[in-house]
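Engineer: Handing over protein07.txt, compact mmCIF, C-alpha atoms and all ligand atoms.
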# COMPACT_ATOMS: atom_id res chain seq x y z
CA MET A 167 0.00 0.00 0.00
CA LYS A 168 1.15 3.56 -0.71
CA LYS A 169 2.46 5.30 2.38
CA ALA A 170 1.16 8.83 2.58
CA ARG A 171 3.40 11.59 3.92
CA PHE A 172 1.99 14.76 5.36
CA SER A 173 2.99 17.39 7.87
CA GLY A 174 0.13 19.93 8.14
CA ASP A 175 -2.27 19.71 11.09
CA SER A 176 -5.46 19.69 9.04
CA THR A 177 -4.02 17.09 6.63
CA LYS A 178 -3.07 14.79 9.52
CA ASN A 179 -6.44 15.17 11.22
CA ILE A 180 -8.17 14.23 7.96
CA HIS A 181 -5.95 11.47 6.60
CA ALA A 182 -3.90 9.83 9.38
CA GLY A 183 -5.16 6.34 10.24
CA ASN A 184 -7.54 6.15 7.27
CA LYS A 185 -6.45 3.32 4.96
CA PRO A 186 -9.11 2.43 2.40
CA GLU A 187 -9.29 -1.33 1.88
CA PHE A 188 -9.97 -2.62 -1.61
CA PRO A 189 -12.05 -3.75 -3.44
CA VAL A 190 -14.61 -1.76 -1.38
CA GLY A 191 -12.35 1.26 -0.81
CA ALA A 192 -14.52 2.97 1.84
CA ILE A 193 -12.94 6.39 2.39
CA ASN A 194 -13.72 6.21 6.13
CA PRO A 195 -12.68 3.33 8.40
CA PRO A 196 -15.67 0.96 8.59
CA ILE A 197 -17.42 0.57 11.96
CA TYR A 198 -16.38 -2.92 13.03
CA ALA A 199 -19.29 -3.83 15.31
CA SER A 200 -17.70 -7.02 16.55
CA SER A 201 -16.77 -8.03 20.10
CA THR A 202 -14.56 -10.90 18.98
CA PHE A 203 -12.59 -11.84 15.86
CA VAL A 204 -12.15 -15.23 14.22
CA PHE A 205 -8.58 -16.56 13.93
CA PRO A 206 -7.81 -18.04 10.51
CA ASP A 207 -6.00 -20.95 12.21
CA VAL A 208 -4.55 -22.10 15.54
CA THR A 209 -1.01 -20.81 14.90
CA VAL A 210 -2.22 -17.28 14.13
CA GLY A 211 -4.41 -17.37 17.24
CA ALA A 212 -1.46 -18.43 19.40
CA ASN A 213 0.83 -15.81 17.88
CA ARG A 214 -1.64 -13.00 18.42
CA PHE A 215 -2.03 -13.90 22.08
CA ALA A 216 1.75 -13.98 22.48
CA PHE A 217 2.03 -10.49 20.85
CA LYS A 218 4.22 -12.16 18.18
CA GLU A 219 1.84 -11.13 15.46
CA LYS A 220 -0.36 -8.05 15.14
CA GLY A 221 -4.03 -8.67 14.65
CA THR A 222 -7.47 -8.62 16.15
CA ILE A 223 -8.43 -10.81 19.11
CA TYR A 224 -11.21 -9.24 21.16
CA SER A 225 -12.48 -5.65 21.08
CA ARG A 226 -11.45 -4.72 24.63
CA TRP A 227 -7.86 -5.30 23.44
CA GLY A 228 -8.28 -3.58 20.10
CA ASN A 229 -10.79 -2.94 17.35
CA PRO A 230 -9.85 -1.78 13.83
CA THR A 231 -12.15 1.29 13.96
CA VAL A 232 -10.67 2.34 17.31
CA ASP A 233 -7.11 1.52 16.12
CA ALA A 234 -7.58 3.88 13.15
CA LEU A 235 -8.67 6.67 15.50
CA GLU A 236 -5.68 6.02 17.78
CA GLU A 237 -3.36 6.51 14.82
CA LYS A 238 -5.04 9.82 14.02
CA LEU A 239 -4.83 10.95 17.67
CA ALA A 240 -1.14 10.08 17.91
CA ALA A 241 -0.43 11.98 14.67
CA MET A 242 -2.32 15.02 15.99
CA GLU A 243 -0.27 15.24 19.22
CA GLY A 244 2.99 14.18 17.54
CA ALA A 245 3.03 11.16 19.87
CA GLY A 246 4.47 7.68 19.40
CA GLY A 247 1.11 6.17 20.27
CA ALA A 248 -2.36 6.81 21.67
CA ILE A 249 -5.00 4.89 23.61
CA ALA A 250 -8.61 5.84 22.94
CA LEU A 251 -10.94 5.25 25.88
CA ALA A 252 -14.56 5.55 26.94
CA SER A 253 -14.22 8.98 28.58
CA GLY A 254 -11.75 11.66 29.53
CA MET A 255 -12.12 10.58 33.17
CA CYS A 256 -11.31 6.99 32.17
CA ALA A 257 -8.08 8.20 30.50
CA ILE A 258 -7.17 10.27 33.58
CA THR A 259 -7.94 7.65 36.25
CA SER A 260 -6.19 4.94 34.17
CA LEU A 261 -3.01 7.01 34.32
CA PHE A 262 -3.17 7.39 38.08
CA TYR A 263 -3.81 3.63 38.48
CA HIS A 264 -0.90 2.92 36.16
CA PHE A 265 1.75 5.10 37.75
CA LEU A 266 0.79 5.06 41.43
CA GLN A 267 0.94 2.40 44.08
CA GLN A 268 0.67 2.21 47.85
CA GLY A 269 3.03 4.78 49.37
CA SER A 270 3.34 6.87 46.18
CA GLU A 271 2.93 10.61 46.15
CA VAL A 272 1.59 12.80 43.38
CA ILE A 273 1.78 16.59 43.06
CA VAL A 274 -1.07 18.30 41.22
CA HIS A 275 -2.06 21.88 40.46
CA THR A 276 -4.83 23.25 42.72
CA ALA A 277 -7.27 24.09 39.90
CA LEU A 278 -8.39 20.83 38.29
CA TYR A 279 -11.37 19.51 36.36
CA GLY A 280 -14.05 18.60 38.96
CA GLY A 281 -13.97 14.85 38.24
CA THR A 282 -10.18 14.72 38.50
CA PHE A 283 -10.27 16.73 41.73
CA ASN A 284 -12.85 14.40 43.28
CA PHE A 285 -10.92 11.28 42.29
CA LEU A 286 -7.71 12.67 43.83
CA ALA A 287 -9.29 14.25 46.90
CA ASN A 288 -11.81 11.53 47.77
CA MET A 289 -10.89 8.22 46.18
CA ILE A 290 -7.23 7.48 45.41
CA GLY A 291 -6.35 7.97 49.08
CA LYS A 292 -7.89 4.63 50.02
CA PHE A 293 -5.12 2.92 48.02
CA GLY A 294 -2.47 4.55 50.21
CA VAL A 295 -1.56 7.30 47.75
CA ARG A 296 -0.80 10.82 49.00
CA VAL A 297 -1.89 13.80 46.89
CA HIS A 298 -0.38 17.28 47.24
CA PHE A 299 -2.48 20.14 45.81
CA VAL A 300 -0.13 23.05 45.05
CA ASP A 301 -0.26 26.18 42.90
CA PHE A 302 1.88 25.35 39.84
CA GLN A 303 2.16 29.07 39.11
CA ASP A 304 4.84 28.92 41.83
CA LEU A 305 7.06 25.98 40.87
CA ALA A 306 9.48 26.58 43.76
CA ARG A 307 6.68 25.32 46.03
CA VAL A 308 6.23 22.24 43.84
CA GLU A 309 9.97 21.52 43.92
CA LYS A 310 10.01 21.70 47.74
CA LEU A 311 7.47 18.86 47.92
CA ILE A 312 9.36 16.49 45.63
CA ASN A 313 10.82 13.43 47.33
CA LYS A 314 11.67 9.81 46.50
CA LYS A 315 8.00 8.79 46.65
CA THR A 316 6.88 11.39 44.09
CA LYS A 317 5.74 9.59 40.94
CA LEU A 318 3.78 12.17 38.95
CA LEU A 319 3.42 15.90 38.33
CA TYR A 320 -0.08 16.47 36.96
CA PHE A 321 -1.78 19.66 35.75
CA GLU A 322 -4.07 21.41 33.26
CA THR A 323 -3.50 24.67 31.40
CA PRO A 324 -5.43 26.84 30.81
CA THR A 325 -7.39 25.88 33.93
CA ASN A 326 -11.11 25.79 34.44
CA PRO A 327 -12.86 28.19 35.04
CA LEU A 328 -10.36 30.96 35.79
CA MET A 329 -8.12 30.32 32.76
CA GLN A 330 -4.90 30.30 34.80
CA VAL A 331 -1.86 29.58 32.63
CA ILE A 332 0.92 27.26 33.80
CA ASP A 333 4.41 27.28 32.24
CA ILE A 334 4.46 23.89 30.48
CA LYS A 335 8.18 23.89 29.66
CA ALA A 336 9.14 24.74 33.24
CA VAL A 337 7.03 21.84 34.62
CA ALA A 338 8.58 19.49 32.03
CA GLU A 339 12.08 20.59 33.10
CA LEU A 340 11.27 20.05 36.75
CA GLY A 341 10.04 16.55 35.95
CA ARG A 342 13.16 15.73 33.98
CA LYS A 343 15.44 17.07 36.72
CA TYR A 344 13.97 14.64 39.26
CA LYS A 345 13.03 11.86 36.78
CA ILE A 346 9.32 12.23 37.57
CA VAL A 347 6.70 11.59 34.90
CA THR A 348 4.83 14.75 33.85
CA VAL A 349 1.21 14.62 32.66
CA LEU A 350 -0.82 17.44 31.13
CA ASP A 351 -4.57 17.42 30.51
CA ASN A 352 -4.59 19.30 27.18
CA THR A 353 -8.38 19.28 26.70
CA PHE A 354 -8.72 23.08 26.60
CA ALA A 355 -6.01 23.61 23.98
CA PRO A 356 -5.57 20.78 21.44
CA PRO A 357 -2.89 21.13 18.74
CA PRO A 358 -2.03 23.41 17.07
CA ILE A 359 -2.83 25.59 20.11
CA GLN A 360 -0.58 23.69 22.53
CA ARG A 361 1.91 20.89 21.81
CA PRO A 362 2.94 19.68 25.29
CA LEU A 363 5.01 16.71 24.07
CA LYS A 364 7.20 19.08 22.04
CA LEU A 365 7.68 21.17 25.19
CA GLY A 366 8.97 18.11 27.06
CA ILE A 367 5.85 16.78 28.79
CA ASP A 368 5.83 12.95 28.96
CA ILE A 369 2.14 12.16 28.65
CA VAL A 370 -0.90 14.07 27.39
CA VAL A 371 -4.53 13.24 28.23
CA HIS A 372 -7.61 14.58 26.50
CA SER A 373 -11.31 14.58 27.03
CA LEU A 374 -12.19 14.00 23.36
CA THR A 375 -15.72 14.95 24.40
CA LYS A 376 -14.76 18.61 24.01
CA TYR A 377 -12.97 20.25 21.04
CA ILE A 378 -11.60 17.10 19.41
CA ASN A 379 -14.96 15.46 18.78
CA GLY A 380 -16.52 18.91 18.82
CA HIS A 381 -20.21 18.16 18.32
CA SER A 382 -21.55 17.56 21.87
CA ASP A 383 -22.62 14.04 20.89
CA VAL A 384 -20.11 11.64 22.52
CA ILE A 385 -18.18 11.08 25.74
CA ALA A 386 -14.62 9.92 24.97
CA GLY A 387 -11.01 10.27 26.10
CA ALA A 388 -7.43 9.50 25.11
CA ILE A 389 -3.88 9.09 26.43
CA MET A 390 -0.92 10.04 24.21
CA GLY A 391 2.82 9.50 24.75
CA SER A 392 5.90 7.66 23.51
CA GLN A 393 5.33 4.27 21.93
CA MET A 394 7.05 2.64 24.91
CA GLN A 395 4.91 4.42 27.52
CA ILE A 396 1.70 3.77 25.58
CA ASP A 397 2.48 0.05 25.10
CA ALA A 398 3.18 -0.28 28.82
CA ILE A 399 -0.01 1.55 29.87
CA ARG A 400 -2.07 -0.55 27.48
CA LYS A 401 -0.65 -3.92 28.50
CA GLN A 402 -0.36 -3.29 32.23
CA THR A 403 -3.43 -1.15 32.85
CA THR A 404 -6.11 -0.20 30.31
CA PHE A 405 -6.57 -3.77 28.96
CA PHE A 406 -7.81 -4.78 32.41
CA LEU A 407 -9.64 -1.65 33.56
CA GLY A 408 -12.00 -2.11 30.65
CA GLY A 409 -12.86 1.48 29.71
CA THR A 410 -12.98 0.50 26.06
CA MET A 411 -14.16 2.97 23.43
CA SER A 412 -16.97 1.69 21.24
CA PRO A 413 -16.29 1.56 17.48
CA PHE A 414 -19.25 3.85 16.85
CA THR A 415 -17.73 6.47 19.17
CA ALA A 416 -14.39 6.07 17.37
CA PHE A 417 -16.16 6.72 14.06
CA LEU A 418 -17.78 9.91 15.41
CA VAL A 419 -14.56 11.24 16.95
CA SER A 420 -12.69 10.54 13.72
CA ARG A 421 -15.38 12.43 11.80
CA GLY A 422 -15.13 15.33 14.26
CA MET A 423 -11.35 15.46 13.99
CA ALA A 424 -11.47 16.01 10.25
CA THR A 425 -12.82 19.52 10.86
CA LEU A 426 -10.92 20.31 14.10
CA ILE A 427 -8.55 22.87 12.59
CA ALA A 428 -11.33 24.72 10.74
CA ARG A 429 -13.41 24.72 13.91
CA LEU A 430 -10.60 25.94 16.16
CA ASP A 431 -9.98 28.90 13.84
CA ARG A 432 -13.61 29.93 14.29
CA HIS A 433 -13.61 29.29 18.07
CA ASN A 434 -10.55 31.54 18.35
CA TYR A 435 -12.07 34.26 16.19
CA ASN A 436 -15.44 34.22 17.98
CA ALA A 437 -13.79 34.23 21.43
CA GLU A 438 -11.72 37.27 20.49
CA LYS A 439 -14.86 39.14 19.42
CA VAL A 440 -16.68 38.22 22.63
CA VAL A 441 -13.69 39.12 24.82
CA GLU A 442 -13.38 42.49 23.11
CA PHE A 443 -17.06 43.19 23.78
CA LEU A 444 -17.02 42.05 27.43
CA ASP A 445 -13.74 43.78 28.24
CA ASN A 446 -15.30 47.12 27.33
CA HIS A 447 -18.67 46.55 29.00
CA PRO A 448 -19.51 48.72 32.06
CA LYS A 449 -21.24 45.83 33.92
CA VAL A 450 -18.20 43.54 33.57
CA GLU A 451 -15.50 43.81 36.22
CA THR A 452 -12.85 41.39 34.88
CA VAL A 453 -12.41 39.13 31.89
CA TYR A 454 -10.19 36.03 32.15
CA TYR A 455 -8.79 35.00 28.76
CA PRO A 456 -5.14 34.02 28.09
CA GLY A 457 -5.16 36.09 24.90
CA LEU A 458 -5.72 39.34 26.81
CA VAL A 459 -2.52 41.33 27.37
CA THR A 460 -3.85 42.09 30.87
CA HIS A 461 -3.97 38.35 31.74
CA LYS A 462 -1.60 37.57 34.65
CA ASN A 463 0.44 35.08 32.59
CA HIS A 464 -0.17 36.40 29.10
CA ASP A 465 3.55 36.21 28.24
CA ILE A 466 3.69 32.50 29.06
CA ALA A 467 0.44 31.94 27.18
CA ALA A 468 1.80 33.77 24.14
CA SER A 469 4.92 31.61 24.16
CA GLN A 470 3.18 28.23 24.51
CA MET A 471 -0.21 28.75 22.85
CA ASN A 472 0.72 29.05 19.22
CA GLY A 473 -2.56 28.57 17.46
CA GLY A 474 -4.85 31.05 19.18
CA TYR A 475 -6.18 30.93 22.74
CA GLY A 476 -9.24 28.71 22.34
CA GLY A 477 -12.93 29.35 22.91
CA VAL A 478 -13.28 29.29 26.70
CA LEU A 479 -13.33 32.45 28.79
CA ALA A 480 -14.67 33.61 32.12
CA PHE A 481 -15.77 37.00 33.41
CA VAL A 482 -16.91 38.59 36.65
CA LEU A 483 -20.08 40.67 36.70
CA LYS A 484 -20.26 43.70 38.97
CA GLY A 485 -23.64 42.68 40.44
CA GLY A 486 -22.39 39.48 42.17
CA TYR A 487 -24.59 36.40 42.61
CA ARG A 488 -27.81 38.08 41.44
CA ALA A 489 -26.19 39.37 38.28
CA GLY A 490 -24.58 35.99 37.55
CA ARG A 491 -27.87 34.12 37.89
CA GLY A 492 -29.67 36.91 36.06
CA LEU A 493 -27.43 36.61 33.03
CA MET A 494 -28.19 32.87 32.87
CA GLU A 495 -31.91 33.67 32.86
CA HIS A 496 -31.71 36.25 30.10
CA VAL A 497 -29.49 34.70 27.44
CA GLN A 498 -31.61 33.30 24.63
CA MET A 499 -29.44 31.66 21.94
CA ILE A 500 -26.54 30.74 24.25
CA ARG A 501 -27.42 27.50 26.06
CA LEU A 502 -27.31 27.07 29.81
CA ALA A 503 -25.09 23.98 30.12
CA VAL A 504 -21.70 22.74 31.31
CA SER A 505 -19.08 21.34 28.88
CA LEU A 506 -17.25 23.14 26.08
CA GLY A 507 -15.71 22.68 22.68
CA GLY A 508 -18.94 21.93 20.81
CA VAL A 509 -20.53 23.91 18.01
CA GLU A 510 -23.00 25.61 20.41
CA SER A 511 -22.08 28.43 22.79
CA LEU A 512 -22.60 27.27 26.39
CA ILE A 513 -22.76 29.38 29.54
CA GLU A 514 -22.70 28.49 33.22
CA HIS A 515 -22.63 30.24 36.60
CA PRO A 516 -20.18 28.37 38.89
CA ALA A 517 -21.49 29.85 42.17
CA SER A 518 -25.02 28.48 41.61
CA MET A 519 -24.07 25.43 39.51
CA THR A 520 -20.70 23.58 39.30
CA HIS A 521 -19.31 25.04 42.53
CA SER A 522 -22.53 25.42 44.53
CA GLU A 523 -21.61 22.70 47.05
CA TYR A 524 -18.78 24.88 48.38
CA SER A 525 -19.38 27.74 50.84
CA LYS A 526 -19.05 31.33 49.59
CA LYS A 527 -15.83 31.63 51.62
CA GLU A 528 -14.31 28.48 50.11
CA ARG A 529 -15.31 29.62 46.64
CA GLU A 530 -13.78 33.06 47.07
CA LYS A 531 -10.53 31.52 48.31
CA ALA A 532 -10.37 29.69 44.97
CA GLY A 533 -11.24 32.87 43.03
CA ILE A 534 -14.77 31.68 42.20
CA TYR A 535 -16.55 34.96 42.92
CA ASP A 536 -20.35 35.11 42.99
CA GLY A 537 -20.47 37.17 39.82
CA LEU A 538 -18.21 34.78 37.89
CA VAL A 539 -19.60 33.41 34.63
CA ARG A 540 -17.96 30.84 32.34
CA LEU A 541 -18.62 30.99 28.64
CA ALA A 542 -17.58 28.38 26.07
CA VAL A 543 -17.85 30.20 22.78
CA GLY A 544 -19.27 28.08 19.96
CA LEU A 545 -19.23 28.38 16.20
CA GLU A 546 -22.27 30.60 15.67
CA TYR A 547 -21.99 33.95 13.86
CA ALA A 548 -19.89 36.06 16.25
CA GLU A 549 -22.26 39.04 16.21
CA ASP A 550 -25.17 36.75 17.26
CA ILE A 551 -23.23 35.63 20.35
CA VAL A 552 -22.30 39.22 21.20
CA SER A 553 -25.84 40.52 20.70
CA ASP A 554 -27.29 37.75 22.91
CA LEU A 555 -24.88 38.80 25.67
CA ARG A 556 -25.53 42.50 25.05
CA HIS A 557 -29.28 41.97 25.46
CA ALA A 558 -28.90 39.78 28.59
CA LEU A 559 -26.55 42.35 30.17
CA VAL A 560 -29.14 45.10 29.64
CA MET A 561 -31.71 42.95 31.45
CA ILE A 562 -29.70 42.29 34.63
CA LYS A 563 -29.75 44.69 37.55
C1 LIG B 1 -14.53 17.37 30.45
C2 LIG B 1 -13.18 17.31 30.98
C3 LIG B 1 -12.64 16.13 31.53
C4 LIG B 1 -13.46 14.87 31.66
O1 LIG B 1 -13.77 14.32 30.43
P1 LIG B 1 -15.04 13.36 30.19
O2 LIG B 1 -14.93 13.06 28.73
O3 LIG B 1 -16.27 14.15 30.54
O4 LIG B 1 -14.86 12.17 31.06
C5 LIG B 1 -11.34 16.15 31.98
N1 LIG B 1 -10.58 17.25 31.91
C6 LIG B 1 -11.05 18.41 31.41
C7 LIG B 1 -10.17 19.61 31.37
C8 LIG B 1 -12.36 18.49 30.93
O5 LIG B 1 -12.82 19.64 30.44
So, in terms of structure tokens, how does the structure I just supplied come out?

Structural biologist:
Amino acid sequence: MKKARFSGDSTKNIHAGNKPEFPVGAINPPIYASSTFVFPDVTVGANRFAFKEKGTIYSRWGNPTVDALEEKLAAMEGAGGAIALASGMCAITSLFYHFLQQGSEVIVHTALYGGTFNFLANMIGKFGVRVHFVDFQDLARVEKLINKKTKLLYFETPTNPLMQVIDIKAVAELGRKYKIVTVLDNTFAPPPIQRPLKLGIDIVVHSLTKYINGHSDVIAGAIMGSQMQIDAIRKQTTFFLGGTMSPFTAFLVSRGMATLIARLDRHNYNAEKVVEFLDNHPKVETVYYPGLVTHKNHDIAASQMNGGYGGVLAFVLKGGYRAGRGLMEHVQMIRLAVSLGGVESLIEHPASMTHSEYSKKEREKAGIYDGLVRLAVGLEYAEDIVSDLRHALVMIK
């Protein structure tokens, strides 16, 4: 078969992993709805089980539709390999199960995706693992906590919902200095925005549910890293944990990826328009967006986010809790929902929704003020998003 060569992001996202098989020649990988696969003879069966020969066995260990997506995902992140899984949380928890054992320690940034935070704060402890939550914006504090038991440095950037920016290269260097594996959840900034592996990070995880699939119609996740790391994680961990991605999900994610670059361009453009509008609005106190020159770590963002700043932003309304809730009640086209990275613009009010179980004091300590609103800008006509916000802002007191 001809081996295609390509270097551009959009080309890779469209063509990598897709190998039409003749005589049918389907341009997309077929959906192999099969739990198990027939061995042509006993020798082949034995060889496949002994990893002496590549080939299908059973879909928890590999399915051609999912394999094709994994090739595309690895090409996208410039990784040696990828494992596609049933959810972003499955990818994340699989990594912790893989690298940690009784007595291990892990250092993580304070601002984490809610599911990741809950797993680390409330679950992994029962296996005898110690978790340190530290602000990665101050790496000297991280370094002080490193000891012989430290197995992982784990973080996200930009963070949710305050869009804090962490210096990826500096974390990678710290990891290398002490031979500790570094992991970055790159969900908010898929390539070409951020390329963590190029900056020295060992392993990248994604919730494919967000930008990469991009159509708010699947839950999916992935782990990317060197071929050696990926082979080890697959054989020692994900094969057994069982968070297998279904072939139909793989088909949808692959279809979403084909338009990722075109979509990201529009997310970036729309977010810039919305930020410009909010930043000049009298009822808005602060806007958090890494692309703003007034952002605390804009310089770091500018150096590591090379393909725009993405579609997520947050802002604080002057009227506090009432104004935050009020805005939710008055937007019309923008949907009131969590999640991000889909075609639709989504808005949420952390104080009354995602962070409502915390007290006002706890929330404020974490920077989640009552007037804080998170907006994931979609792909609608930019002026329609702005005018929906403009109208809702008029309506709030
Ligand atoms: C959504 C999300 C996750 C979890 O992914 P699921 O696909 O919902 O399991 C993890 N990290 C980040 C940053 C996310 O936004």

Engineer: Quick check, in Å to one decimal: how far apart do CA of Pro230 in chain A and atom P1 of ligand LIG 1 (chain B) lie?

Structural biologist: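 Atom P1 of ligand LIG 1 (chain B) lies at a distance of 22.9 Å from CA of Pro230 in chain A.
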
Engineer: For the point (-29.8, 43.6, 34.9) in file coordinates, what residues are within 8 Å, counting all atoms listed in the file? Give the answer as a ChimeraX atom specification?

Structural biologist: /A:489,492-493,558-563

Engineer: Grab me every residue within 6 Å of ligand LIG 1 (chain B), counting only C-alpha atoms and all ligand atoms, and send it over as a PDB file with C-alpha atoms, in the coordinates of the input.

Structural biologist:
ATOM      1  CA  SER A 253     -14.220   8.980  28.580  1.00  0.00           C
ATOM      2  CA  GLY A 254     -11.750  11.660  29.530  1.00  0.00           C
ATOM      3  CA  MET A 255     -12.120  10.580  33.170  1.00  0.00           C
ATOM      4  CA  TYR A 279     -11.370  19.510  36.360  1.00  0.00           C
ATOM      5  CA  THR A 353      -8.380  19.280  26.700  1.00  0.00           C
ATOM      6  CA  SER A 373     -11.310  14.580  27.030  1.00  0.00           C
ATOM      7  CA  THR A 375     -15.720  14.950  24.400  1.00  0.00           C
ATOM      8  CA  ILE A 385     -18.180  11.080  25.740  1.00  0.00           C
ATOM      9  CA  ALA A 386     -14.620   9.920  24.970  1.00  0.00           C
ATOM     10  CA  GLY A 387     -11.010  10.270  26.100  1.00  0.00           C
TER      11      GLY A 387
END

Engineer: Would you pick out the contacts of range 259-267 of chain A at 7 Å or less, using all atoms listed in the file, so that residues sharing its chain but fewer than 2 positions from it are not included, and give the list as number ranges by chain?

Structural biologist: A: 255-257, 269-270, 295, 317, 399, 403-404

Engineer: Quick one: residues within 8 Å of range 470-476 of chain A, only C-alpha atoms counted, chain neighbours fewer than 3 positions away excluded, as a CSV table (one decimal) with C-alpha atoms, keeping the file's coordinate frame?

Structural biologist:
chain,number,residue,atom,x,y,z
A,333,ASP,CA,4.4,27.3,32.2
A,334,ILE,CA,4.5,23.9,30.5
A,354,PHE,CA,-8.7,23.1,26.6
A,355,ALA,CA,-6.0,23.6,24.0
A,357,PRO,CA,-2.9,21.1,18.7
A,358,PRO,CA,-2.0,23.4,17.1
A,359,ILE,CA,-2.8,25.6,20.1
A,360,GLN,CA,-0.6,23.7,22.5
A,361,ARG,CA,1.9,20.9,21.8
A,430,LEU,CA,-10.6,25.9,16.2
A,431,ASP,CA,-10.0,28.9,13.8
A,433,HIS,CA,-13.6,29.3,18.1
A,434,ASN,CA,-10.6,31.5,18.4
A,437,ALA,CA,-13.8,34.2,21.4
A,455,TYR,CA,-8.8,35.0,28.8
A,456,PRO,CA,-5.1,34.0,28.1
A,457,GLY,CA,-5.2,36.1,24.9
A,466,ILE,CA,3.7,32.5,29.1
A,467,ALA,CA,0.4,31.9,27.2

Engineer: Env of Glu495 in chain A: 12 Å cut, atoms = only C-alpha atoms, seq-sep filter 4 positions within chain, self excluded. Answer as a list in words.

Structural biologist: Arg488, Ala489, Gly490, Arg491, Met499, Ile500, Arg501, Leu502, Ile513, Glu514, His515, Asp554, Leu555, His557, Ala558, Leu559, Met561 and Ile562 of chain A

Engineer: Which residue out of A:Ser522, A:Ser173, A:Thr425, A:Thr231 has the minimum interatomic distance to Ile197 in chain A when only C-alpha atoms are used?

Structural biologist: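 Smallest distance to Ile197 in chain A is found for A:Thr231.
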
Engineer: For the contact check between range 195-290 of chain A and range 298-311 of chain A, emit one row per residue of range 195-290 of chain A within 6 Å, containing the shortest atom pair and the distance in Å rounded to one decimal, counting only C-alpha atoms, chain then rising number order, as a Markdown table.

Structural biologist:
| residue | atom | partner | partner_atom | distance |
| --- | --- | --- | --- | --- |
| A:Ile273 | CA | A:His298 | CA | 4.8 |
| A:Val274 | CA | A:Phe299 | CA | 5.1 |
| A:His275 | CA | A:Val300 | CA | 5.1 |
| A:Thr276 | CA | A:Phe299 | CA | 5.0 |

Engineer: Please indicate the distance in Å from CA of Asn326 in chain A to CA of Leu479 in chain A, rounded to one decimal place.

Structural biologist: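 Distance reported for this atom pair: 9.0 Å.
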
Engineer: CA of Leu251 in chain A to CA of Thr222 in chain A: how many Å, to one decimal?

Structural biologist: 17.3 Å

Engineer: Which one of A:Ala252, A:Ala277, A:Val371, A:Ala468 sits closest to Pro356 in chain A if you count only C-alpha atoms?

Structural biologist: A:Val371

Engineer: Measuring between all atoms listed in the file, which one of A:Ala212, A:Leu328, A:Val297, A:Ile427 shows the shortest distance to Glu530 in chain A?

Structural biologist: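 Among A:Ala212, A:Leu328, A:Val297, A:Ile427, it is A:Leu328 that comes nearest to Glu530 in chain A.
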
Engineer: Could you check which residues have any atom within 8 Å of (-18.9, 20.0, 27.1), counting all atoms listed in the file with coordinates taken straight from the file, and then list them as a list in words?

Structural biologist: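 Returned residue set, sorted by chain then number, is Thr375, Lys376, Ser382, Ala503, Val504, Ser505, Leu506, Gly507 and Gly508 of chain A.
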
Engineer: Applying 10 Å and all atoms listed in the file, which residues near Val450 in chain A remain after dropping the ones on its own chain fewer than 3 positions away? List them as a list in words.

Structural biologist: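 In the requested form, the answer reads Phe443, Leu444, Asp445, Asn446, His447, Val453, Phe481, Val482, Leu483, Lys484, Gly485, Gly537, Leu538 and Leu559 of chain A.
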
Engineer: Any chance you can output those residues with C-alpha atoms as a PDB file, in the frame of the given file?

Structural biologist:
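out20.pdb, freshly written:
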ATOM      1  CA  PHE A 443     -17.060  43.190  23.780  1.00  0.00           C
ATOM      2  CA  LEU A 444     -17.020  42.050  27.430  1.00  0.00           C
ATOM      3  CA  ASP A 445     -13.740  43.780  28.240  1.00  0.00           C
ATOM      4  CA  ASN A 446     -15.300  47.120  27.330  1.00  0.00           C
ATOM      5  CA  HIS A 447     -18.670  46.550  29.000  1.00  0.00           C
ATOM      6  CA  VAL A 453     -12.410  39.130  31.890  1.00  0.00           C
ATOM      7  CA  PHE A 481     -15.770  37.000  33.410  1.00  0.00           C
ATOM      8  CA  VAL A 482     -16.910  38.590  36.650  1.00  0.00           C
ATOM      9  CA  LEU A 483     -20.080  40.670  36.700  1.00  0.00           C
ATOM     10  CA  LYS A 484     -20.260  43.700  38.970  1.00  0.00           C
ATOM     11  CA  GLY A 485     -23.640  42.680  40.440  1.00  0.00           C
ATOM     12  CA  GLY A 537     -20.470  37.170  39.820  1.00  0.00           C
ATOM     13  CA  LEU A 538     -18.210  34.780  37.890  1.00  0.00           C
ATOM     14  CA  LEU A 559     -26.550  42.350  30.170  1.00  0.00           C
TER      15      LEU A 559
END

Engineer: Looking at A:Gln330, A:Ser469, A:Thr520, A:Asn184, which one is nearest to Gly533 in chain A, with distances taken over all atoms listed in the file?

Structural biologist: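 Selected residue with least distance to Gly533 in chain A: A:Gln330.
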
Engineer: Quick one: of A:Gly366, A:Pro413, A:Pro195, A:Gly183, who's nearest to Arg171 in chain A, counting all atoms listed in the file?

Structural biologist: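 Using all atoms listed in the file, Arg171 in chain A sits closest to A:Gly183.
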
Engineer: At a cut-off of 6 Å, using all atoms listed in the file, what residues contact Val331 in chain A? Leave out same-chain residues fewer than 6 positions from it and give the result as an NGL selection string.

Structural biologist: :A and (323-324 or 463)
